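Listing of query-v6.txt, compact mmCIF, C-alpha atoms and all ligand atoms
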```txt
# COMPACT_ATOMS: atom_id res chain seq x y z
CA MET A 1378 28.29 107.35 53.88
CA PHE A 1379 30.46 105.20 51.65
CA ASP A 1380 32.06 102.08 53.07
CA LEU A 1381 35.63 102.38 51.71
CA ALA A 1382 38.95 101.00 52.97
CA SER A 1383 40.79 104.04 51.57
CA ILE A 1384 41.12 106.15 48.47
CA TYR A 1385 44.45 106.77 46.74
CA GLU A 1386 44.71 109.68 44.35
CA ALA A 1387 47.23 108.60 41.72
CA LYS A 1388 49.50 111.33 40.36
CA SER A 1389 50.35 109.42 37.18
CA VAL A 1390 49.22 106.38 35.20
CA SER A 1391 52.35 104.47 36.34
CA ALA A 1392 51.56 105.28 39.97
CA ALA A 1393 48.00 103.99 39.48
CA ILE A 1394 49.33 100.77 37.92
CA ARG A 1395 51.79 100.29 40.82
CA ALA A 1396 48.99 100.85 43.32
CA LEU A 1397 46.90 98.20 41.56
CA GLU A 1398 49.82 95.76 41.74
CA ASP A 1399 50.16 96.46 45.47
CA ASP A 1400 46.49 95.67 46.09
CA PRO A 1401 44.92 93.45 43.42
CA SER A 1402 41.50 93.86 45.04
CA ALA A 1403 41.61 97.65 44.64
CA VAL A 1404 39.17 99.30 42.21
CA VAL A 1405 39.94 102.05 39.71
CA ILE A 1406 37.63 105.03 39.95
CA ALA A 1407 37.32 107.69 37.22
CA GLY A 1408 34.08 109.71 37.40
CA GLY A 1409 32.69 107.27 39.97
CA THR A 1410 29.13 107.20 38.64
CA ASP A 1411 29.20 103.39 38.46
CA VAL A 1412 31.75 102.62 41.16
CA LEU A 1413 30.18 104.69 43.92
CA ILE A 1414 26.75 103.18 43.25
CA LYS A 1415 28.29 99.72 43.68
CA VAL A 1416 30.08 100.80 46.86
CA ARG A 1417 26.86 102.13 48.27
CA GLU A 1418 24.95 98.98 47.29
CA GLY A 1419 27.62 96.89 49.04
CA ARG A 1420 28.94 95.17 45.90
CA LEU A 1421 32.27 97.03 46.23
CA ALA A 1422 32.02 97.86 49.91
CA GLY A 1423 35.17 97.99 52.01
CA ARG A 1424 37.51 98.20 49.01
CA ARG A 1425 40.47 100.45 48.35
CA LEU A 1426 39.81 102.86 45.48
CA ILE A 1427 42.50 104.10 43.13
CA SER A 1428 41.46 107.39 41.66
CA ILE A 1429 42.65 108.39 38.21
CA HIS A 1430 40.43 111.47 38.26
CA GLY A 1431 42.24 114.58 37.00
CA LEU A 1432 45.21 112.77 35.41
CA ALA A 1433 46.05 115.10 32.53
CA GLU A 1434 47.57 112.28 30.47
CA LEU A 1435 44.16 110.57 30.36
CA GLU A 1436 42.22 113.67 29.35
CA GLY A 1437 41.60 115.48 26.08
CA ILE A 1438 40.27 114.77 22.63
CA ALA A 1439 42.59 115.34 19.69
CA LEU A 1440 43.15 114.66 16.03
CA THR A 1441 46.57 113.16 15.21
CA PRO A 1442 48.52 114.38 12.16
CA ALA A 1443 47.41 111.15 10.43
CA GLY A 1444 43.77 112.07 11.06
CA ASP A 1445 43.03 109.48 13.76
CA VAL A 1446 40.74 110.63 16.58
CA GLU A 1447 42.26 110.08 20.03
CA ILE A 1448 39.98 110.31 23.04
CA GLY A 1449 41.36 110.30 26.56
CA PRO A 1450 39.29 107.93 28.72
CA LEU A 1451 38.66 110.68 31.25
CA ALA A 1452 36.79 112.77 28.68
CA THR A 1453 33.33 113.20 30.14
CA PHE A 1454 30.18 112.59 28.13
CA ARG A 1455 29.73 116.35 27.97
CA GLN A 1456 33.27 116.97 26.74
CA VAL A 1457 32.79 114.36 24.01
CA ALA A 1458 29.41 115.81 23.03
CA GLU A 1459 30.82 119.35 22.85
CA SER A 1460 34.19 118.54 21.27
CA PRO A 1461 34.84 120.30 17.94
CA VAL A 1462 37.05 117.33 16.94
CA ILE A 1463 34.19 114.89 17.50
CA GLU A 1464 31.75 117.23 15.76
CA LYS A 1465 34.03 117.36 12.71
CA THR A 1466 34.96 113.68 12.52
CA VAL A 1467 32.45 111.38 14.27
CA PRO A 1468 29.44 113.52 15.24
CA VAL A 1469 27.41 110.36 15.83
CA LEU A 1470 29.55 109.60 18.90
CA GLY A 1471 28.76 113.02 20.36
CA GLU A 1472 25.06 112.48 19.64
CA ALA A 1473 25.17 109.07 21.33
CA VAL A 1474 26.82 110.15 24.57
CA ASP A 1475 24.63 113.23 24.73
CA GLN A 1476 21.74 110.82 25.38
CA ALA A 1477 23.27 109.34 28.53
CA GLY A 1478 21.58 110.14 31.84
CA GLY A 1479 20.99 113.83 32.50
CA PRO A 1480 23.23 116.93 32.58
CA GLN A 1481 24.85 116.13 35.96
CA LEU A 1482 25.64 112.59 34.87
CA ARG A 1483 27.11 113.80 31.57
CA ALA A 1484 29.34 116.26 33.43
CA GLN A 1485 30.75 113.50 35.62
CA GLY A 1486 30.60 110.17 33.77
CA THR A 1487 33.55 109.42 31.51
CA ILE A 1488 33.69 107.63 28.18
CA GLY A 1489 36.45 105.40 29.57
CA GLY A 1490 34.27 104.31 32.46
CA ASN A 1491 31.47 103.69 30.00
CA VAL A 1492 33.48 101.14 28.01
CA CYS A 1493 35.37 99.65 30.98
CA ASN A 1494 32.22 98.77 32.90
CA GLY A 1495 31.41 96.14 30.25
CA ILE A 1496 27.71 96.95 30.33
CA THR A 1497 25.64 96.16 27.25
CA SER A 1498 23.51 99.32 27.54
CA ALA A 1499 26.50 101.71 27.58
CA ASP A 1500 25.54 104.55 25.24
CA SER A 1501 29.00 104.99 23.72
CA ALA A 1502 29.60 101.29 23.12
CA SER A 1503 27.59 100.48 20.02
CA THR A 1504 28.92 103.52 18.17
CA LEU A 1505 32.54 102.74 19.13
CA LEU A 1506 31.91 99.18 17.96
CA ALA A 1507 30.36 100.33 14.67
CA LEU A 1508 33.42 102.57 14.19
CA ASP A 1509 35.77 99.68 14.99
CA ALA A 1510 37.56 101.83 17.56
CA ARG A 1511 40.77 100.59 19.15
CA LEU A 1512 41.33 100.64 22.87
CA ARG A 1513 44.88 101.32 24.04
CA VAL A 1514 45.59 99.87 27.46
CA ARG A 1515 48.70 100.14 29.64
CA GLY A 1516 49.90 97.79 32.34
CA PRO A 1517 53.13 96.78 34.08
CA ARG A 1518 54.43 95.25 30.83
CA GLY A 1519 53.67 98.22 28.58
CA GLU A 1520 50.92 99.05 26.12
CA ARG A 1521 48.73 97.04 23.76
CA GLU A 1522 45.82 97.94 21.49
CA ILE A 1523 42.62 95.97 21.44
CA PRO A 1524 39.99 96.31 18.70
CA MET A 1525 36.51 97.01 20.09
CA ALA A 1526 35.40 93.72 18.53
CA GLU A 1527 37.66 91.87 21.01
CA TRP A 1528 36.96 94.06 24.03
CA TYR A 1529 33.86 92.46 25.55
CA ARG A 1530 34.36 89.13 27.28
CA GLY A 1531 30.92 88.63 28.80
CA ALA A 1532 28.42 90.69 30.76
CA GLY A 1533 30.40 93.19 32.82
CA LYS A 1534 33.74 91.69 31.68
CA VAL A 1535 36.24 93.39 29.38
CA ASN A 1536 39.61 92.51 27.92
CA LEU A 1537 41.65 94.29 30.60
CA ALA A 1538 44.38 92.16 32.17
CA PRO A 1539 45.14 92.59 35.89
CA TYR A 1540 46.70 96.00 36.67
CA GLU A 1541 45.89 97.42 33.21
CA LEU A 1542 44.25 100.78 32.59
CA LEU A 1543 42.52 102.09 29.51
CA VAL A 1544 44.66 105.03 28.38
CA LYS A 1545 43.24 105.98 24.96
CA ILE A 1546 40.32 105.34 22.65
CA VAL A 1547 41.45 105.58 19.04
CA ILE A 1548 39.21 105.90 16.01
CA PRO A 1549 41.37 105.37 12.93
CA ARG A 1550 40.79 107.84 10.10
CA GLU A 1551 39.87 105.16 7.56
CA ASN A 1552 37.09 103.97 9.89
CA TYR A 1553 35.20 107.27 9.85
CA GLU A 1554 36.26 109.20 6.76
CA GLY A 1555 33.47 109.15 4.18
CA TYR A 1556 31.03 107.54 6.63
CA PHE A 1557 27.90 109.02 8.15
CA GLY A 1558 26.42 107.65 11.33
CA HIS A 1559 23.24 107.59 13.33
CA TYR A 1560 22.52 106.32 16.84
CA ILE A 1561 19.05 105.53 18.18
CA LYS A 1562 18.52 105.00 21.87
CA TYR A 1563 15.16 103.48 22.62
CA ALA A 1564 14.22 104.04 26.25
CA ALA A 1565 10.99 104.41 28.15
CA ARG A 1566 11.88 108.02 28.99
CA ASN A 1567 13.81 110.70 27.11
CA ALA A 1568 16.31 111.31 29.93
CA MET A 1569 17.76 109.56 32.97
CA ASP A 1570 17.02 106.18 31.54
CA ILE A 1571 19.14 103.28 30.40
CA ALA A 1572 18.59 102.05 26.83
CA THR A 1573 16.02 99.34 26.30
CA LEU A 1574 17.86 98.96 23.01
CA GLY A 1575 20.59 101.04 21.38
CA VAL A 1576 21.53 100.83 17.70
CA SER A 1577 24.31 102.60 15.87
CA CYS A 1578 24.80 102.54 12.13
CA MET A 1579 27.68 103.86 10.00
CA VAL A 1580 27.09 104.15 6.26
CA LYS A 1581 29.36 104.94 3.31
CA LEU A 1582 27.45 105.76 0.16
CA SER A 1583 28.33 105.02 -3.45
CA GLY A 1584 29.65 107.94 -5.54
CA ASP A 1585 26.16 108.75 -6.88
CA ARG A 1586 24.71 108.45 -3.34
CA THR A 1587 22.08 105.92 -4.32
CA ALA A 1588 23.58 102.77 -2.84
CA VAL A 1589 25.24 101.55 0.32
CA GLU A 1590 28.90 100.99 -0.46
CA ASP A 1591 29.74 100.00 3.12
CA VAL A 1592 27.83 99.72 6.36
CA SER A 1593 28.39 98.72 9.97
CA LEU A 1594 25.63 98.10 12.48
CA ALA A 1595 26.06 97.57 16.21
CA PHE A 1596 23.67 97.16 19.12
CA GLY A 1597 23.50 97.59 22.83
CA VAL A 1598 21.13 95.38 24.87
CA ALA A 1599 20.61 93.00 21.94
CA GLY A 1600 22.76 90.47 23.79
CA PRO A 1601 24.80 90.23 27.00
CA VAL A 1602 27.43 92.57 25.51
CA PRO A 1603 27.36 95.19 22.75
CA LEU A 1604 27.52 93.38 19.41
CA ARG A 1605 28.02 93.85 15.65
CA VAL A 1606 25.91 92.05 13.08
CA TYR A 1607 28.51 91.29 10.42
CA GLY A 1608 26.25 88.96 8.41
CA ALA A 1609 23.50 91.56 8.08
CA GLU A 1610 26.06 94.19 7.07
CA ALA A 1611 27.40 91.90 4.32
CA ALA A 1612 23.86 91.10 3.14
CA VAL A 1613 23.01 94.73 2.35
CA ARG A 1614 26.36 96.01 1.06
CA GLY A 1615 25.96 97.28 -2.50
CA LEU A 1616 22.14 97.53 -2.34
CA PRO A 1617 20.19 100.72 -3.08
CA VAL A 1618 19.69 102.64 0.17
CA ALA A 1619 15.95 101.96 0.50
CA GLU A 1620 16.39 98.23 -0.10
CA ALA A 1621 19.27 98.07 2.36
CA ALA A 1622 17.16 99.85 4.98
CA ASP A 1623 14.31 97.38 4.45
CA GLN A 1624 16.51 94.31 4.60
CA ILE A 1625 19.06 95.03 7.33
CA GLY A 1626 16.67 94.66 10.28
CA PRO A 1627 15.27 91.25 9.36
CA ALA A 1628 18.83 90.09 8.53
CA ALA A 1629 20.14 91.34 11.89
CA LEU A 1630 17.66 89.13 13.76
CA GLU A 1631 19.83 86.10 12.92
CA GLU A 1632 22.69 87.51 14.97
CA VAL A 1633 21.13 89.05 18.08
CA SER A 1634 20.13 87.36 21.31
CA PRO A 1635 18.20 89.80 23.48
CA ARG A 1636 16.62 88.63 26.71
CA THR A 1637 13.63 89.56 28.77
CA SER A 1638 14.31 91.97 31.61
CA TRP A 1639 12.06 94.15 33.73
CA ARG A 1640 12.48 96.91 31.12
CA ALA A 1641 11.20 94.91 28.15
CA THR A 1642 10.52 91.44 26.87
CA LYS A 1643 12.79 89.61 24.49
CA GLU A 1644 10.04 89.79 21.86
CA PHE A 1645 9.79 93.57 22.18
CA ARG A 1646 13.56 93.93 21.82
CA ILE A 1647 13.47 91.72 18.72
CA GLN A 1648 10.84 94.03 17.26
CA LEU A 1649 13.06 97.02 18.08
CA VAL A 1650 16.01 95.40 16.30
CA ARG A 1651 13.86 94.70 13.24
CA GLU A 1652 12.49 98.24 13.11
CA LEU A 1653 15.28 100.49 14.37
CA SER A 1654 18.07 98.97 12.25
CA GLY A 1655 16.51 100.20 9.03
CA ARG A 1656 15.66 103.57 10.57
CA ALA A 1657 19.26 104.05 11.73
CA LEU A 1658 20.62 103.10 8.30
CA ARG A 1659 18.17 105.36 6.50
CA GLU A 1660 18.95 108.32 8.76
CA ALA A 1661 22.73 107.81 8.49
CA ALA A 1662 22.36 107.72 4.69
CA ARG A 1663 20.17 110.81 4.75
CA LYS A 1664 22.90 112.67 6.65
CA GLY A 1665 25.26 111.64 3.85
CA GLY A 1666 22.94 113.19 1.27
CA ALA A 1667 21.51 109.89 0.00
CA VAL A 1668 19.23 109.91 -3.00
CA LEU A 1669 16.35 107.81 -1.71
C1 LIG B 1701 21.82 108.10 37.46
C2 LIG B 1701 22.66 107.40 36.46
C3 LIG B 1701 22.26 107.38 35.14
C4 LIG B 1701 23.03 106.74 34.17
N1 LIG B 1701 22.62 106.76 32.88
C5 LIG B 1701 23.39 106.19 31.92
C6 LIG B 1701 22.97 106.24 30.55
O1 LIG B 1701 21.92 106.76 30.19
N2 LIG B 1701 23.79 105.66 29.63
C7 LIG B 1701 24.97 105.04 29.97
O2 LIG B 1701 25.67 104.54 29.09
N3 LIG B 1701 25.37 104.98 31.27
C8 LIG B 1701 24.62 105.53 32.24
N4 LIG B 1701 25.02 105.48 33.56
C9 LIG B 1701 26.22 104.71 33.92
C10 LIG B 1701 27.53 105.53 34.08
O3 LIG B 1701 27.29 106.88 34.32
C11 LIG B 1701 28.41 105.42 32.85
O4 LIG B 1701 28.72 104.07 32.59
C12 LIG B 1701 29.70 106.24 32.95
O5 LIG B 1701 30.28 106.33 31.68
C13 LIG B 1701 30.72 105.64 33.89
O6 LIG B 1701 31.86 106.48 33.88
P1 LIG B 1701 32.60 106.88 35.23
O7 LIG B 1701 33.79 107.68 34.88
O8 LIG B 1701 31.67 107.45 36.20
O9 LIG B 1701 33.06 105.40 35.69
P2 LIG B 1701 33.49 104.86 37.10
O10 LIG B 1701 32.31 104.61 37.95
O11 LIG B 1701 34.60 105.66 37.67
O12 LIG B 1701 34.11 103.46 36.61
C14 LIG B 1701 33.30 102.51 35.91
C15 LIG B 1701 34.12 101.23 35.71
O13 LIG B 1701 35.18 101.43 34.79
C16 LIG B 1701 36.45 101.21 35.41
N5 LIG B 1701 37.32 102.26 34.84
C17 LIG B 1701 37.00 103.56 34.68
N6 LIG B 1701 37.99 104.18 33.99
C18 LIG B 1701 38.93 103.23 33.72
C19 LIG B 1701 40.18 103.25 33.01
N7 LIG B 1701 40.64 104.35 32.41
N8 LIG B 1701 40.88 102.09 32.93
C20 LIG B 1701 40.41 100.96 33.50
N9 LIG B 1701 39.23 100.88 34.16
C21 LIG B 1701 38.50 102.01 34.26
C22 LIG B 1701 36.19 101.30 36.91
O14 LIG B 1701 37.12 100.53 37.65
C23 LIG B 1701 34.79 100.72 36.99
O15 LIG B 1701 34.85 99.33 36.92
C24 LIG B 1701 24.25 106.09 34.55
C25 LIG B 1701 24.66 106.12 35.89
C26 LIG B 1701 23.89 106.77 36.84
C27 LIG B 1701 24.35 106.79 38.25
```

Show me, as structure tokens, the structure contained in the file I just sent.
Amino acid sequence: MFDLASIYEAKSVSAAIRALEDDPSAVVIAGGTDVLIKVREGRLAGRRLISIHGLAELEGIALTPAGDVEIGPLATFRQVAESPVIEKTVPVLGEAVDQAGGPQLRAQGTIGGNVCNGITSADSASTLLALDARLRVRGPRGEREIPMAEWYRGAGKVNLAPYELLVKIVIPRENYEGYFGHYIKYAARNAMDIATLGVSCMVKLSGDRTAVEDVSLAFGVAGPVPLRVYGAEAAVRGLPVAEAADQIGPAALEEVSPRTSWRATKEFRIQLVRELSGRALREAARKGGAVL
């Protein structure tokens, strides 16, 4: 049994926003794979839920005429993983979310819920951060777009103002075109496990495919929120691929702050950052046909 005050099934985004204004303590529910756990554990017990499940305006994955990728927040992990648009433009995102939970979880959990929960281990987060995705949110005063880099405000806290909903995840064309990406989820098990560390790397190669023209590197669980290591990226830009792969991990250590949890010690996570950064870069470059 779930201890709920009530559940309201919104028929539109505006109706959901109005319902939030009417009851500021109400909680938005999409797939419910986080929310219902918290209700059951008592952390959200007795609350009113506002369901956005099934709202067509929040579904779908499409390519705009300008070539930007637009992902509705209600797209499930499975829909993202199987989307031909994602496969063609940012396959690394499909690969990342395909590593979340198990098949049932991937059929129910949404990408919007994954970025709105503010959790550092979210499997979509480091890739969206490496891609510099933009999050379009809508509230009583209209819409605004927030770069992923400004989304996380602390563990479990995101840049959503009261009564705002995430309505679109946008990956601008210039952020993915010409780039190849690779995501590594390190976990104790291959399925149904949260990342001990996640790392996502996007690489653009030089014309002769020997050097790293541009790179972005982002982590989950290397700090309280998903984070980019801008200094390490700058340090390896322009280097031959093999050198960049050797140097990016040690450089990234300056910018991460993992902690010890029951899953792993801080020292083990530091070792993962050092090792997996270079592997992710190397593999992304290999996908781009790098001459190593
Ligand atoms: C068994 C199990 C295994 C899991 N394994 C993984 C894993 O391997 N990797 C991983 O990343 N996650 C994992 N999760 C966590 C969870 O499934 C994901 O975070 C999922 O993406 C949440 O999506 P949802 O639609 O179910 O979110 P919900 O539970 O509906 O919502 C999550 C949060 O986001 C808010 N929210 C949702 N949509 C919006 C919106 N459009 N606008 C504003 N706020 C919104 C809700 O209010 C809530 O705070 C697991 C969960 C379970 C139960």

- [ ] May I ask which of the residues A:Gln1456, A:Arg1530, A:Ala1564, A:Val1547 is the closest one to ligand LIG 1701 (chain B), counting only C-alpha atoms and all ligand atoms?
- [x]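 Once distances to ligand LIG 1701 (chain B) are computed over only C-alpha atoms and all ligand atoms, the minimum belongs to A:Ala1564.
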
From the set A:Met1569, A:Ala1458, A:Val1390, A:Leu1470, which residue has the shortest atom-to-atom contact distance to ligand LIG 1701 (chain B), counting all atoms listed in the file?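 Smallest distance to ligand LIG 1701 (chain B) is found for A:Met1569.
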
Margin query: For ligand LIG 1701 (chain B), return the neighbouring residues as a PyMOL selection string (distance at most 6 Å; all atoms listed in the file).
Written below: chain A and resi 1404-1412+1450+1477-1478+1482+1486-1491+1493-1494+1498-1500+1542-1544+1569-1571

* What is the atom CA of A:Tyr1607 to atom CA of A:Ala1595 distance in Å? ->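 Straight-line distance from atom CA of A:Tyr1607 to atom CA of A:Ala1595 works out to 8.9 Å.
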
- Closest of A:Thr1587, A:Gln1481, A:Ser1391, A:Gln1624 to A:Glu1520 - atom-to-atom distances counting only C-alpha atoms: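 Between A:Thr1587, A:Gln1481, A:Ser1391, A:Gln1624, the residue approaching A:Glu1520 most closely is A:Ser1391.
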
Atom CA of A:Gly1495 to atom CA of A:Ile1523 measures 14.3 Å

Check your understanding: A:Leu1421: which residues within 10 Å, counting only C-alpha atoms, same-chain residues fewer than 6 positions away excluded, as a PyMOL selection string?
Key -> chain A and resi 1379-1381+1402-1404+1412-1415

Legend entry - Within 10 Å of stretch 1626-1632 of chain A using only C-alpha atoms, minus same-chain residues under 6 positions, as a list of chain:residue names: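 What passes the distance filter is A:Leu1594, A:Ala1595, A:Phe1596, A:Ala1599, A:Gly1600, A:Leu1604, A:Arg1605, A:Val1606, A:Tyr1607, A:Gly1608, A:Ala1609, A:Glu1610, A:Ala1611, A:Ala1612, A:Val1613, A:Ile1647, A:Gln1648, A:Leu1649, A:Val1650, A:Arg1651, A:Glu1652, A:Leu1653, A:Ser1654, A:Gly1655, A:Arg1656, A:Ala1657, A:Leu1658.
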
*asked:* Please determine, counting all atoms listed in the file, which residue among A:Val1633, A:Leu1505, A:Ala1621, A:Val1446 has the shortest atom-to-atom distance to A:Glu1551.
replied: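 Comparing A:Val1633, A:Leu1505, A:Ala1621, A:Val1446 against A:Glu1551, the winner is A:Val1446.
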
Name all residues at most 9 Å from A:Ile1548 (count all atoms listed in the file; drop same-chain ones fewer than 4 positions away) and give them as an mmCIF file with C-alpha atoms, in the coordinates of the input.
```
data_model
loop_
_atom_site.group_PDB
_atom_site.id
_atom_site.type_symbol
_atom_site.label_atom_id
_atom_site.label_comp_id
_atom_site.auth_asym_id
_atom_site.auth_seq_id
_atom_site.Cartn_x
_atom_site.Cartn_y
_atom_site.Cartn_z
ATOM 1 C CA ASP A 1445 43.030 109.480 13.760
ATOM 2 C CA VAL A 1446 40.740 110.630 16.580
ATOM 3 C CA GLU A 1447 42.260 110.080 20.030
ATOM 4 C CA ILE A 1448 39.980 110.310 23.040
ATOM 5 C CA VAL A 1467 32.450 111.380 14.270
ATOM 6 C CA LEU A 1505 32.540 102.740 19.130
ATOM 7 C CA LEU A 1508 33.420 102.570 14.190
ATOM 8 C CA ASP A 1509 35.770 99.680 14.990
ATOM 9 C CA ALA A 1510 37.560 101.830 17.560
ATOM 10 C CA ARG A 1511 40.770 100.590 19.150
ATOM 11 C CA LEU A 1512 41.330 100.640 22.870
ATOM 12 C CA ASN A 1552 37.090 103.970 9.890
ATOM 13 C CA TYR A 1553 35.200 107.270 9.850
#
```

- Taking into account all atoms listed in the file, which residue in the set A:Val1598, A:Leu1582, A:Ala1392, A:Ala1641 is nearest to A:Ala1661?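 Checking each candidate against A:Ala1661, we get A:Leu1582 as the closest.
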
From atom CA of A:Gly1471 to atom CA of A:Gly1558 the spacing works out at 10.8 Å

Residues near A:Tyr1563, anyone? I mean within 8 Å using all atoms listed in the file, not counting same-chain ones fewer than 5 positions away, as a JSON list (two decimals) with C-alpha atoms, in the coordinates of the input.
```json
[["chain", "number", "residue", "atom", "x", "y", "z"],
["A", 1572, "ALA", "CA", 18.59, 102.05, 26.83],
["A", 1573, "THR", "CA", 16.02, 99.34, 26.30],
["A", 1574, "LEU", "CA", 17.86, 98.96, 23.01],
["A", 1575, "GLY", "CA", 20.59, 101.04, 21.38]]
```

With 8 Å of padding per side, what axis-aligned box (centre and edge lengths, Å, one decimal) covers all the listed atoms of stretch 1403-1413 of chain A? Give it as AutoDock Vina command-line options.
```
--center_x 35.4 --center_y 103.7 --center_z 40.9 --size_x 28.5 --size_y 28.1 --size_z 23.4
```

One residue among A:Pro1603, A:Pro1617, A:Ile1394, A:Ser1503 is nearest to A:Ser1634 when using all atoms listed in the file, and that residue is A:Pro1603

Show which residues sit within 8 Å of A:Pro1517, as a PDB file with C-alpha atoms, in the coordinates of the input. Count all atoms listed in the file, and ignore same-chain residues fewer than 2 positions away.
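Generated file (part-v3.pdb):
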```
ATOM      1  CA  ILE A1394      49.330 100.770  37.920  1.00  0.00           C
ATOM      2  CA  ARG A1395      51.790 100.290  40.820  1.00  0.00           C
ATOM      3  CA  ARG A1515      48.700 100.140  29.640  1.00  0.00           C
ATOM      4  CA  GLY A1519      53.670  98.220  28.580  1.00  0.00           C
ATOM      5  CA  TYR A1540      46.700  96.000  36.670  1.00  0.00           C
ATOM      6  CA  GLU A1541      45.890  97.420  33.210  1.00  0.00           C
TER       7      GLU A1541
END
```
